[in-house]
file data_22.cif (mmCIF, C-alpha atoms)
data_structure
#
loop_
_atom_site.label_atom_id
_atom_site.label_comp_id
_atom_site.auth_asym_id
_atom_site.auth_seq_id
_atom_site.Cartn_x
_atom_site.Cartn_y
_atom_site.Cartn_z
CA MET H 1 0.00 0.00 0.00
CA LEU H 2 2.78 2.44 0.92
CA ALA H 3 4.65 1.70 -2.30
CA GLU H 4 1.55 2.50 -4.37
CA LEU H 5 0.88 5.70 -2.44
CA ALA H 6 4.51 6.78 -2.78
CA ALA H 7 4.17 6.78 -6.59
CA SER H 8 1.09 9.00 -6.52
CA HIS H 9 1.75 11.27 -3.51
CA ASP H 10 5.49 11.97 -4.00
CA PHE H 11 7.20 10.67 -0.88
CA THR H 12 10.06 8.24 -0.25
CA ILE H 13 9.95 5.16 1.97
CA HIS H 14 12.87 4.18 4.21
CA THR H 15 12.80 1.11 6.44
CA ALA H 16 14.50 0.83 9.84
CA LEU H 17 14.13 -0.94 13.17
CA SER H 18 11.56 0.53 15.56
CA PRO H 19 13.33 2.43 18.35
CA ASP H 20 12.79 1.67 22.01
CA GLY H 21 9.44 2.87 23.28
CA ALA H 22 7.85 3.08 19.82
CA PRO H 23 5.11 0.74 18.61
CA SER H 24 6.21 -2.04 16.30
CA PRO H 25 5.55 -1.76 13.43
CA CYS H 26 5.38 2.01 13.32
CA VAL H 27 5.47 4.91 10.88
CA LEU H 28 7.54 8.05 11.44
CA PHE H 29 7.44 11.03 9.06
CA ASP H 30 10.51 13.16 8.48
CA ALA H 31 8.83 16.33 9.73
CA PRO H 32 9.35 18.50 12.83
CA GLY H 33 7.54 17.11 15.86
CA SER H 34 6.11 14.13 13.99
CA PRO H 35 5.10 11.35 16.41
CA PHE H 36 5.38 7.59 15.93
CA TYR H 37 2.18 6.20 14.45
CA ASN H 38 1.15 2.63 15.03
CA ALA H 39 1.25 0.85 11.65
CA GLU H 40 -0.77 -2.15 12.81
CA SER H 41 -3.91 -2.37 10.59
CA LEU H 42 -3.02 1.02 9.06
CA THR H 43 -5.54 2.07 6.39
CA GLU H 44 -4.94 4.25 3.36
CA SER H 45 -7.14 7.07 4.65
CA GLN H 46 -5.35 7.08 8.02
CA PHE H 47 -1.95 7.20 6.37
CA LEU H 48 -2.95 10.07 4.06
CA SER H 49 -4.27 11.97 7.05
CA TYR H 50 -0.92 11.46 8.86
CA LEU H 51 0.94 12.48 5.69
CA ASN H 52 -1.08 15.69 5.37
CA THR H 53 -0.40 16.56 9.02
CA ALA H 54 3.33 15.99 8.53
CA ARG H 55 3.45 18.17 5.41
CA VAL H 56 1.59 21.00 7.13
CA SER H 57 4.05 20.77 10.02
CA GLU H 58 6.98 20.81 7.64
CA ALA H 59 5.60 23.78 5.71
CA ALA H 60 4.97 25.78 8.89
CA SER H 61 8.38 25.08 10.45
CA PRO H 62 11.27 27.55 10.09
CA THR H 63 13.52 26.74 7.14
CA PRO H 64 17.06 27.84 6.32
CA ALA H 65 17.06 30.97 4.21
CA ARG H 66 18.27 30.76 0.64
CA LEU H 67 21.05 32.85 -0.72
CA ASN H 68 18.31 34.89 -2.33
CA LYS H 69 16.53 36.23 0.76
CA ARG H 70 13.58 37.56 -1.22
CA THR H 71 11.95 34.12 -1.39
CA PRO H 72 11.92 31.51 1.40
CA ALA H 73 13.02 27.97 0.58
CA VAL H 74 9.56 26.62 1.49
CA PRO H 75 6.52 28.92 1.57
CA ASP H 76 4.98 29.43 5.00
CA LEU H 77 1.72 30.98 6.11
CA ALA H 78 3.16 34.49 6.27
CA TYR H 79 4.58 34.15 2.75
CA ALA H 80 1.24 32.92 1.38
CA ASN H 81 -0.56 35.86 3.04
CA ALA H 82 1.94 38.32 1.57
CA HIS H 83 1.64 36.86 -1.96
CA PRO H 84 -2.07 36.00 -2.50
CA ILE H 85 -1.87 36.09 -6.32
CA ARG H 86 1.11 33.74 -6.46
CA SER H 87 -0.59 31.45 -3.96
CA PHE H 88 -3.77 31.45 -6.08
CA PHE H 89 -1.93 30.42 -9.24
CA TRP H 90 -0.03 27.67 -7.42
CA ARG H 91 -3.27 26.25 -6.05
CA HIS H 92 -4.88 26.44 -9.50
CA ARG H 93 -1.72 25.53 -11.41
CA VAL H 94 -3.42 22.85 -13.53
CA GLY H 95 -6.07 25.20 -14.87
CA ALA H 96 -3.53 27.98 -15.40
CA ILE H 97 -1.13 25.76 -17.37
CA ILE H 98 -3.85 24.14 -19.47
CA SER H 99 -5.45 27.51 -20.24
CA SER H 100 -2.12 29.09 -21.17
CA LEU H 101 -1.04 26.25 -23.46
CA SER H 102 -4.47 26.06 -25.09
CA LEU H 103 -4.48 29.79 -25.77
CA PHE H 104 -0.90 29.67 -27.07
CA LEU H 105 -1.61 26.81 -29.48
CA GLY H 106 -5.02 28.11 -30.46
CA ALA H 107 -3.66 31.52 -31.44
CA ALA H 108 -0.95 29.93 -33.60
CA TRP H 109 -3.43 27.78 -35.53
CA LEU H 110 -6.38 30.16 -35.71
CA ALA H 111 -4.45 33.28 -36.71
CA PRO H 112 -4.03 32.16 -40.38
CA LEU H 113 -7.82 32.02 -40.70
CA THR H 114 -8.41 35.68 -39.82
CA PRO H 115 -7.59 37.14 -43.28
CA SER H 116 -10.01 34.74 -45.00
CA LEU H 117 -12.70 35.66 -42.44
CA GLY H 118 -12.44 39.30 -43.45
CA ILE H 119 -10.80 40.41 -40.19
CA GLY H 120 -7.64 41.55 -41.95
CA SER H 121 -4.03 40.44 -41.73
CA GLY H 122 -3.02 42.56 -38.74
CA PHE H 123 -3.76 39.89 -36.14
CA TYR H 124 -1.99 37.19 -38.15
CA ASN H 125 1.09 39.35 -38.74
CA THR H 126 1.27 40.25 -35.05
CA ILE H 127 0.99 36.62 -33.83
CA HIS H 128 3.38 35.37 -36.52
CA SER H 129 6.00 37.97 -35.58
CA ALA H 130 5.62 37.30 -31.84
CA TYR H 131 5.95 33.53 -32.23
CA ARG H 132 9.18 34.01 -34.15
CA LEU H 133 10.80 34.33 -30.71
CA VAL H 134 10.11 30.63 -30.00
CA CYS H 135 10.01 29.03 -33.47
CA ASP H 136 12.05 29.25 -36.70
CA GLN H 137 8.74 29.20 -38.68
CA ILE H 138 10.14 27.62 -41.86
CA PRO H 139 7.07 27.35 -44.15
CA GLU H 140 8.15 23.95 -45.51
CA ARG H 141 8.13 22.59 -41.94
CA SER H 142 4.80 24.12 -40.98
CA ALA H 143 1.16 23.33 -41.66
CA SER H 144 -0.78 25.66 -43.94
CA ILE H 145 -4.30 26.98 -43.25
CA GLY H 146 -6.15 29.27 -45.63
CA GLY H 147 -3.03 29.58 -47.78
CA LEU H 148 -0.91 30.89 -44.88
CA PRO H 149 1.63 28.97 -42.77
CA VAL H 150 0.71 28.27 -39.16
CA CYS H 151 2.67 30.39 -36.68
CA LEU H 152 4.37 27.30 -35.20
CA CYS H 153 6.25 24.63 -37.14
CA TRP H 154 5.33 20.96 -36.77
CA ARG H 155 8.07 20.32 -34.21
CA CYS H 156 7.04 23.22 -31.96
CA THR H 157 3.39 22.27 -32.35
CA ALA H 158 4.21 18.73 -31.21
CA ILE H 159 6.19 20.02 -28.23
CA TYR H 160 3.44 22.32 -26.92
CA ALA H 161 0.56 20.01 -27.85
CA GLY H 162 2.39 17.06 -26.27
CA SER H 163 2.96 19.02 -23.07
CA LEU H 164 -0.74 19.89 -22.98
CA PHE H 165 -1.88 16.32 -23.71
CA PHE H 166 0.45 14.47 -21.35
CA GLY H 167 -0.10 17.11 -18.66
CA ILE H 168 -3.85 16.45 -18.81
CA VAL H 169 -3.27 12.67 -18.79
CA TYR H 170 -0.96 13.06 -15.78
CA THR H 171 -3.60 15.07 -13.91
CA ILE H 172 -6.37 12.57 -14.68
CA GLY H 173 -4.19 9.65 -13.60
CA ARG H 174 -3.22 11.44 -10.39
CA ASP H 175 -6.69 12.60 -9.38
CA ARG H 176 -8.51 9.37 -10.27
CA GLN H 177 -5.73 7.06 -9.07
CA ILE H 178 -5.57 5.16 -12.40
CA ASP H 179 -3.03 2.39 -11.90
CA TRP H 180 -1.96 1.94 -15.52
CA LEU H 181 -1.01 5.63 -15.68
CA GLY H 182 1.35 5.25 -12.74
CA TRP H 183 4.36 5.23 -15.09
CA LEU H 184 3.65 8.85 -16.03
CA ARG H 185 3.33 9.97 -12.38
CA ARG H 186 6.68 8.54 -11.29
CA PRO H 187 9.15 11.44 -11.06
CA VAL H 188 12.49 11.28 -12.87
CA SER H 189 15.76 13.10 -12.33
CA LEU H 190 17.15 15.89 -14.50
CA ILE H 191 19.53 13.43 -16.18
CA VAL H 192 16.66 11.11 -17.15
CA MET H 193 14.65 14.06 -18.47
CA LEU H 194 17.60 15.03 -20.68
CA LEU H 195 17.80 11.46 -21.94
CA PHE H 196 14.15 11.69 -22.99
CA GLY H 197 15.05 14.83 -24.92
CA LEU H 198 18.25 13.45 -26.48
CA PRO H 199 16.53 12.08 -29.64
CA LEU H 200 15.00 15.52 -30.22
CA ILE H 201 18.41 17.16 -29.85
CA LEU H 202 20.04 14.70 -32.24
CA ASP H 203 17.23 15.14 -34.77
CA GLY H 204 17.55 18.91 -34.76
CA ALA H 205 21.37 18.86 -34.75
CA SER H 206 21.51 16.50 -37.73
CA HIS H 207 19.52 19.04 -39.76
CA ALA H 208 21.48 22.04 -38.50
CA LEU H 209 24.84 20.40 -39.30
CA GLY H 210 23.76 19.32 -42.78
CA PHE H 211 23.74 15.56 -42.16
CA ARG H 212 20.13 15.27 -43.38
CA PRO H 213 18.44 16.28 -46.66
CA GLY H 214 18.04 20.03 -46.86
CA ILE H 215 15.29 22.38 -47.98
CA ALA H 216 15.89 21.50 -51.66
CA TYR H 217 14.18 18.14 -50.97
CA ALA H 218 11.38 19.58 -48.79
CA ASN H 219 8.67 18.93 -51.37
CA SER H 220 10.15 15.73 -52.78
CA PRO H 221 7.74 12.82 -53.38
CA ASP H 222 10.35 10.51 -51.83
CA PHE H 223 9.21 9.37 -48.34
CA TRP H 224 12.80 9.46 -46.98
CA LEU H 225 13.71 12.90 -48.37
CA SER H 226 10.51 14.92 -48.08
CA TRP H 227 9.69 17.35 -45.26
CA GLN H 228 5.97 17.10 -45.90
CA PRO H 229 3.44 15.68 -43.37
CA PHE H 230 3.67 11.90 -42.83
CA SER H 231 7.10 11.66 -44.46
CA ALA H 232 10.00 10.11 -42.54
CA ASP H 233 11.35 13.53 -41.56
CA TRP H 234 7.91 14.64 -40.31
CA TRP H 235 7.49 11.51 -38.19
CA LEU H 236 10.94 11.99 -36.64
CA ARG H 237 10.10 15.57 -35.65
CA ILE H 238 6.76 14.57 -34.12
CA VAL H 239 7.87 11.41 -32.30
CA THR H 240 11.07 12.89 -30.83
CA SER H 241 9.14 15.97 -29.67
CA LEU H 242 6.46 13.88 -27.94
CA LEU H 243 9.15 11.75 -26.28
CA ALA H 244 10.81 14.90 -24.93
CA THR H 245 7.50 16.17 -23.53
CA ILE H 246 6.97 12.90 -21.64
CA GLY H 247 10.31 13.40 -19.90
CA ALA H 248 9.44 17.03 -19.13
CA VAL H 249 6.07 16.06 -17.63
CA LYS H 250 7.62 13.30 -15.50
CA PHE H 251 10.26 15.73 -14.26
CA LEU H 252 8.17 18.86 -13.69
CA CYS H 253 4.65 17.78 -12.73
CA PRO H 254 5.48 15.79 -9.54
CA ARG H 255 7.62 18.71 -8.33
CA LEU H 256 4.91 21.23 -9.15
CA ASP H 257 2.44 19.05 -7.26
CA LYS H 258 4.67 18.93 -4.20
CA LEU H 259 4.90 22.70 -3.92
CA GLY H 260 1.27 23.13 -4.95
CA THR H 261 0.21 20.83 -2.11
CA ILE H 262 2.01 23.06 0.37
CA TYR H 263 0.20 26.15 -0.96
CA GLU H 264 -3.14 24.33 -0.75
CA GLN H 265 -2.48 23.37 2.87
CA LEU H 266 -1.52 26.95 3.70
CA HIS H 267 -4.72 28.15 2.01
CA GLN H 268 -6.77 25.80 4.16
CA ARG H 269 -5.12 27.20 7.27
CA ARG H 270 -5.90 30.76 6.15
CA ARG H 271 -9.61 30.05 5.77
CA PRO H 272 -11.66 31.06 8.82
CA ARG H 273 -13.15 28.16 10.70
CA PRO H 274 -16.97 28.05 10.89
CA ARG H 275 -18.43 29.06 14.20
CA SER H 276 -19.63 26.27 16.40
CA THR H 277 -23.41 25.84 16.64
CA GLU H 278 -23.18 23.69 19.77
CA TYR H 279 -24.89 25.10 22.87
CA ARG H 280 -24.25 23.85 26.33
CA VAL H 281 -26.95 23.84 28.96
CA PRO H 282 -25.54 25.01 32.31
CA SER H 283 -25.84 22.45 35.05
CA ASN H 284 -27.78 23.22 38.20
#
call {"tool": "encode", "arguments": {"input": "data_22.cif", "output": "structure tokens"}}
result
Amino acid sequence: MLAELAASHDFTIHTALSPDGAPSPCVLFDAPGSPFYNAESLTESQFLSYLNTARVSEAASPTPARLNKRTPAVPDLAYANAHPIRSFFWRHRVGAIISSLSLFLGAAWLAPLTPSLGIGSGFYNTIHSAYRLVCDQIPERSASIGGLPVCLCWRCTAIYAGSLFFGIVYTIGRDRQIDWLGWLRRPVSLIVMLLFGLPLILDGASHALGFRPGIAYANSPDFWLSWQPFSADWWLRIVTSLLATIGAVKFLCPRLDKLGTIYEQLHQRRRPRPRSTEYRVPSN
């Protein structure tokens, strides 16, 4: 049970002998003032309650200051009160990320339609120029809508769309405790994330260094030379981009959840408790 919960609630299990005076078996959380809990007949709901108490205690305890003294290493109640907007976005991080990525992708793909709708080319030119900061926008490597190239090439589209898709899948698997999605919720290290992105780096470098067919073959009917959709080059761009996004989701999302959980706990502590409706009758 603990091994399954560790994969979905981001904590590490260490085993040791029960010390003198502690129940055996027992559970001890690495948090200030955490007591020994009796592990005999421990249920999942009990353990999660203990885990939540330990995390609240850890979040509220003093922490060593970072070199940058403007931001504490772990947010506490005073920090959350002083930064309500930041706290709000951390607690609603899933909706904020999904909304931002959806708007970003939607603008790139809908902008080419505006001239044909009679809105003019100003919006398209503005979006196309702005997205040049994040994409090379080579027309031969981009989709075309209404006779105009989309503001993101196929590779960048796959990167942002993959991040959106796998981020949603991660959230669904986490919230609904779907076992077969556990592989996506298991966090990875920075080195492993870079390994996921290595095929993408090699694919892009091989083009940049001239080891692959160049733009002269972009519209070739040959499957192995063409840059067009569903050619070998197109599939390499899409697959390597999606693989890189899986590594990014496995690296970032569990860490975002950990800090987001702390903000949620601080928010719960900030909320005023309802007044008691219990009345006591004085004894004679």
call {"tool": "closest_atom_pairs", "arguments": {"input": "data_22.cif", "of": "range 57-168 of chain H", "to": "range 206-228 of chain H", "cutoff": "10 Å", "atoms": "all atoms listed in the file", "output": "CSV"}}
result
residue,atom,partner,partner_atom,distance
H:Ile138,CA,H:Ile215,CA,9.6
H:Glu140,CA,H:Ala218,CA,6.3
H:Arg141,CA,H:Trp227,CA,6.4
H:Ser142,CA,H:Gln228,CA,8.7
H:Ala143,CA,H:Gln228,CA,8.9
H:Trp154,CA,H:Gln228,CA,9.9
call {"tool": "write_last_selection", "arguments": {"input": "data_22.cif", "atoms": "C-alpha atoms", "output": "compact mmCIF listing (two decimals), in the frame of the given file"}}
result
# COMPACT_ATOMS: atom_id res chain seq x y z
CA ILE H 138 10.14 27.62 -41.86
CA GLU H 140 8.15 23.95 -45.51
CA ARG H 141 8.13 22.59 -41.94
CA SER H 142 4.80 24.12 -40.98
CA ALA H 143 1.16 23.33 -41.66
CA TRP H 154 5.33 20.96 -36.77
call {"tool": "atom_distance", "arguments": {"input": "data_22.cif", "atom1": "CA of Tyr124 in chain H", "atom2": "CA of Ile97 in chain H"}}
result
23.7 Å
call {"tool": "residues_near_point", "arguments": {"input": "data_22.cif", "point": "(4.3, 9.2, -15.0)", "cutoff": "9 Å", "atoms": "all atoms listed in the file", "output": "number ranges by chain"}}
result
H: 7, 170, 173, 181-188, 246-247, 249-251, 253-254
call {"tool": "residues_around", "arguments": {"input": "data_22.cif", "residues": "Leu103 in chain H", "least_positions_apart": "5", "cutoff": "12 Å", "atoms": "all atoms listed in the file", "output": "PyMOL selection string"}}
result
chain H and resi 95-98+108-111+127+160-161+164
call {"tool": "atom_distance", "arguments": {"input": "data_22.cif", "atom1": "CA of Gly122 in chain H", "atom2": "CA of Gly162 in chain H"}}
result
28.9 Å
call {"tool": "closest_residue", "arguments": {"input": "data_22.cif", "among": "H:Gln177, H:Thr157, H:Ser121, H:Ser57", "to": "Gln137 in chain H", "atoms": "all atoms listed in the file"}}
result
H:Thr157
call {"tool": "residues_around", "arguments": {"input": "data_22.cif", "residues": "Leu256 in chain H", "least_positions_apart": "5", "cutoff": "9 Å", "atoms": "all atoms listed in the file", "output": "JSON, numbers by chain"}}
result
{"H": [90, 93, 261]}
call {"tool": "residues_around", "arguments": {"input": "data_22.cif", "residues": "range 42-56 of chain H", "least_positions_apart": "5", "cutoff": "12 Å", "atoms": "all atoms listed in the file", "output": "ChimeraX atom specification"}}
result
/H:1-6,8-12,25-37,61,74-77,258-269
call {"tool": "atom_distance", "arguments": {"input": "data_22.cif", "atom1": "CA of Leu198 in chain H", "atom2": "CA of Pro139 in chain H"}}
result
25.1 Å
call {"tool": "residues_around", "arguments": {"input": "data_22.cif", "residues": "Ser24 in chain H", "least_positions_apart": "3", "cutoff": "8 Å", "atoms": "only C-alpha atoms", "output": "JSON, numbers by chain"}}
result
{"H": [18, 38, 39, 40]}
call {"tool": "residues_near_point", "arguments": {"input": "data_22.cif", "point": "(-6.0, 30.2, -45.8)", "cutoff": "12 Å", "atoms": "all atoms listed in the file", "output": "JSON, numbers by chain"}}
result
{"H": [109, 110, 111, 112, 113, 114, 115, 116, 117, 118, 121, 124, 143, 144, 145, 146, 147, 148, 149, 150]}
call {"tool": "axis_aligned_box", "arguments": {"input": "data_22.cif", "around": "range 180-186 of chain H", "padding_each_side": "4 Å", "output": "AutoDock Vina command-line options"}}
result
--center_x 2.4 --center_y 6.0 --center_z -13.7 --size_x 16.6 --size_y 16.0 --size_z 12.7
call {"tool": "build_atoms", "arguments": {"input": "data_22.cif", "residues": "range 191-213 of chain H", "atoms": "N, CA, C and O atoms", "output": "PDB file, in the frame of the given file"}}
result
ATOM      1  N   ILE H 191      18.773  14.209 -15.191  1.00  0.00           N
ATOM      2  CA  ILE H 191      19.530  13.430 -16.180  1.00  0.00           C
ATOM      3  C   ILE H 191      18.587  12.590 -17.028  1.00  0.00           C
ATOM      4  O   ILE H 191      18.726  12.525 -18.264  1.00  0.00           O
ATOM      5  N   VAL H 192      17.610  11.942 -16.403  1.00  0.00           N
ATOM      6  CA  VAL H 192      16.660  11.110 -17.150  1.00  0.00           C
ATOM      7  C   VAL H 192      15.816  11.981 -18.074  1.00  0.00           C
ATOM      8  O   VAL H 192      15.523  11.596 -19.217  1.00  0.00           O
ATOM      9  N   MET H 193      15.417  13.164 -17.600  1.00  0.00           N
ATOM     10  CA  MET H 193      14.650  14.060 -18.470  1.00  0.00           C
ATOM     11  C   MET H 193      15.458  14.442 -19.707  1.00  0.00           C
ATOM     12  O   MET H 193      14.928  14.489 -20.834  1.00  0.00           O
ATOM     13  N   LEU H 194      16.750  14.698 -19.534  1.00  0.00           N
ATOM     14  CA  LEU H 194      17.600  15.030 -20.680  1.00  0.00           C
ATOM     15  C   LEU H 194      17.749  13.849 -21.621  1.00  0.00           C
ATOM     16  O   LEU H 194      17.846  14.035 -22.843  1.00  0.00           O
ATOM     17  N   LEU H 195      17.742  12.641 -21.086  1.00  0.00           N
ATOM     18  CA  LEU H 195      17.800  11.460 -21.940  1.00  0.00           C
ATOM     19  C   LEU H 195      16.541  11.337 -22.797  1.00  0.00           C
ATOM     20  O   LEU H 195      16.602  10.922 -23.961  1.00  0.00           O
ATOM     21  N   PHE H 196      15.394  11.676 -22.215  1.00  0.00           N
ATOM     22  CA  PHE H 196      14.150  11.690 -22.990  1.00  0.00           C
ATOM     23  C   PHE H 196      14.245  12.704 -24.139  1.00  0.00           C
ATOM     24  O   PHE H 196      13.659  12.496 -25.212  1.00  0.00           O
ATOM     25  N   GLY H 197      14.943  13.802 -23.899  1.00  0.00           N
ATOM     26  CA  GLY H 197      15.050  14.830 -24.920  1.00  0.00           C
ATOM     27  C   GLY H 197      16.217  14.643 -25.881  1.00  0.00           C
ATOM     28  O   GLY H 197      16.324  15.394 -26.865  1.00  0.00           O
ATOM     29  N   LEU H 198      17.074  13.651 -25.619  1.00  0.00           N
ATOM     30  CA  LEU H 198      18.250  13.450 -26.480  1.00  0.00           C
ATOM     31  C   LEU H 198      17.885  13.150 -27.932  1.00  0.00           C
ATOM     32  O   LEU H 198      18.511  13.712 -28.846  1.00  0.00           O
ATOM     33  N   PRO H 199      16.894  12.286 -28.224  1.00  0.00           N
ATOM     34  CA  PRO H 199      16.530  12.080 -29.640  1.00  0.00           C
ATOM     35  C   PRO H 199      16.101  13.363 -30.339  1.00  0.00           C
ATOM     36  O   PRO H 199      16.423  13.571 -31.511  1.00  0.00           O
ATOM     37  N   LEU H 200      15.413  14.239 -29.635  1.00  0.00           N
ATOM     38  CA  LEU H 200      15.000  15.520 -30.220  1.00  0.00           C
ATOM     39  C   LEU H 200      16.226  16.371 -30.546  1.00  0.00           C
ATOM     40  O   LEU H 200      16.305  16.993 -31.618  1.00  0.00           O
ATOM     41  N   ILE H 201      17.185  16.383 -29.626  1.00  0.00           N
ATOM     42  CA  ILE H 201      18.410  17.160 -29.850  1.00  0.00           C
ATOM     43  C   ILE H 201      19.181  16.621 -31.045  1.00  0.00           C
ATOM     44  O   ILE H 201      19.657  17.386 -31.902  1.00  0.00           O
ATOM     45  N   LEU H 202      19.304  15.301 -31.130  1.00  0.00           N
ATOM     46  CA  LEU H 202      20.040  14.700 -32.240  1.00  0.00           C
ATOM     47  C   LEU H 202      19.321  14.946 -33.568  1.00  0.00           C
ATOM     48  O   LEU H 202      19.966  15.189 -34.602  1.00  0.00           O
ATOM     49  N   ASP H 203      17.994  14.891 -33.552  1.00  0.00           N
ATOM     50  CA  ASP H 203      17.230  15.140 -34.770  1.00  0.00           C
ATOM     51  C   ASP H 203      17.441  16.561 -35.269  1.00  0.00           C
ATOM     52  O   ASP H 203      17.697  16.794 -36.460  1.00  0.00           O
ATOM     53  N   GLY H 204      17.356  17.522 -34.355  1.00  0.00           N
ATOM     54  CA  GLY H 204      17.550  18.910 -34.760  1.00  0.00           C
ATOM     55  C   GLY H 204      18.990  19.199 -35.165  1.00  0.00           C
ATOM     56  O   GLY H 204      19.238  19.928 -36.138  1.00  0.00           O
ATOM     57  N   ALA H 205      19.961  18.607 -34.440  1.00  0.00           N
ATOM     58  CA  ALA H 205      21.370  18.860 -34.750  1.00  0.00           C
ATOM     59  C   ALA H 205      21.749  18.272 -36.108  1.00  0.00           C
ATOM     60  O   ALA H 205      22.550  18.858 -36.842  1.00  0.00           O
ATOM     61  N   SER H 206      21.178  17.123 -36.446  1.00  0.00           N
ATOM     62  CA  SER H 206      21.510  16.500 -37.730  1.00  0.00           C
ATOM     63  C   SER H 206      21.061  17.375 -38.904  1.00  0.00           C
ATOM     64  O   SER H 206      21.716  17.411 -39.948  1.00  0.00           O
ATOM     65  N   HIS H 207      19.949  18.095 -38.725  1.00  0.00           N
ATOM     66  CA  HIS H 207      19.520  19.040 -39.760  1.00  0.00           C
ATOM     67  C   HIS H 207      20.423  20.263 -39.776  1.00  0.00           C
ATOM     68  O   HIS H 207      20.862  20.717 -40.845  1.00  0.00           O
ATOM     69  N   ALA H 208      20.692  20.811 -38.576  1.00  0.00           N
ATOM     70  CA  ALA H 208      21.480  22.040 -38.500  1.00  0.00           C
ATOM     71  C   ALA H 208      22.890  21.849 -39.038  1.00  0.00           C
ATOM     72  O   ALA H 208      23.473  22.778 -39.628  1.00  0.00           O
ATOM     73  N   LEU H 209      23.468  20.670 -38.853  1.00  0.00           N
ATOM     74  CA  LEU H 209      24.840  20.400 -39.300  1.00  0.00           C
ATOM     75  C   LEU H 209      24.905  19.866 -40.719  1.00  0.00           C
ATOM     76  O   LEU H 209      25.984  19.529 -41.205  1.00  0.00           O
ATOM     77  N   GLY H 210      23.769  19.737 -41.378  1.00  0.00           N
ATOM     78  CA  GLY H 210      23.760  19.320 -42.780  1.00  0.00           C
ATOM     79  C   GLY H 210      23.903  17.829 -43.017  1.00  0.00           C
ATOM     80  O   GLY H 210      24.251  17.416 -44.129  1.00  0.00           O
ATOM     81  N   PHE H 211      23.644  17.010 -41.987  1.00  0.00           N
ATOM     82  CA  PHE H 211      23.740  15.560 -42.160  1.00  0.00           C
ATOM     83  C   PHE H 211      22.479  14.948 -42.758  1.00  0.00           C
ATOM     84  O   PHE H 211      22.448  13.763 -43.072  1.00  0.00           O
ATOM     85  N   ARG H 212      21.413  15.753 -42.880  1.00  0.00           N
ATOM     86  CA  ARG H 212      20.130  15.270 -43.380  1.00  0.00           C
ATOM     87  C   ARG H 212      19.759  16.053 -44.629  1.00  0.00           C
ATOM     88  O   ARG H 212      20.278  17.147 -44.860  1.00  0.00           O
ATOM     89  N   PRO H 213      18.857  15.546 -45.457  1.00  0.00           N
ATOM     90  CA  PRO H 213      18.440  16.280 -46.660  1.00  0.00           C
ATOM     91  C   PRO H 213      17.948  17.677 -46.325  1.00  0.00           C
ATOM     92  O   PRO H 213      17.218  17.885 -45.354  1.00  0.00           O
TER      93      PRO H 213
END
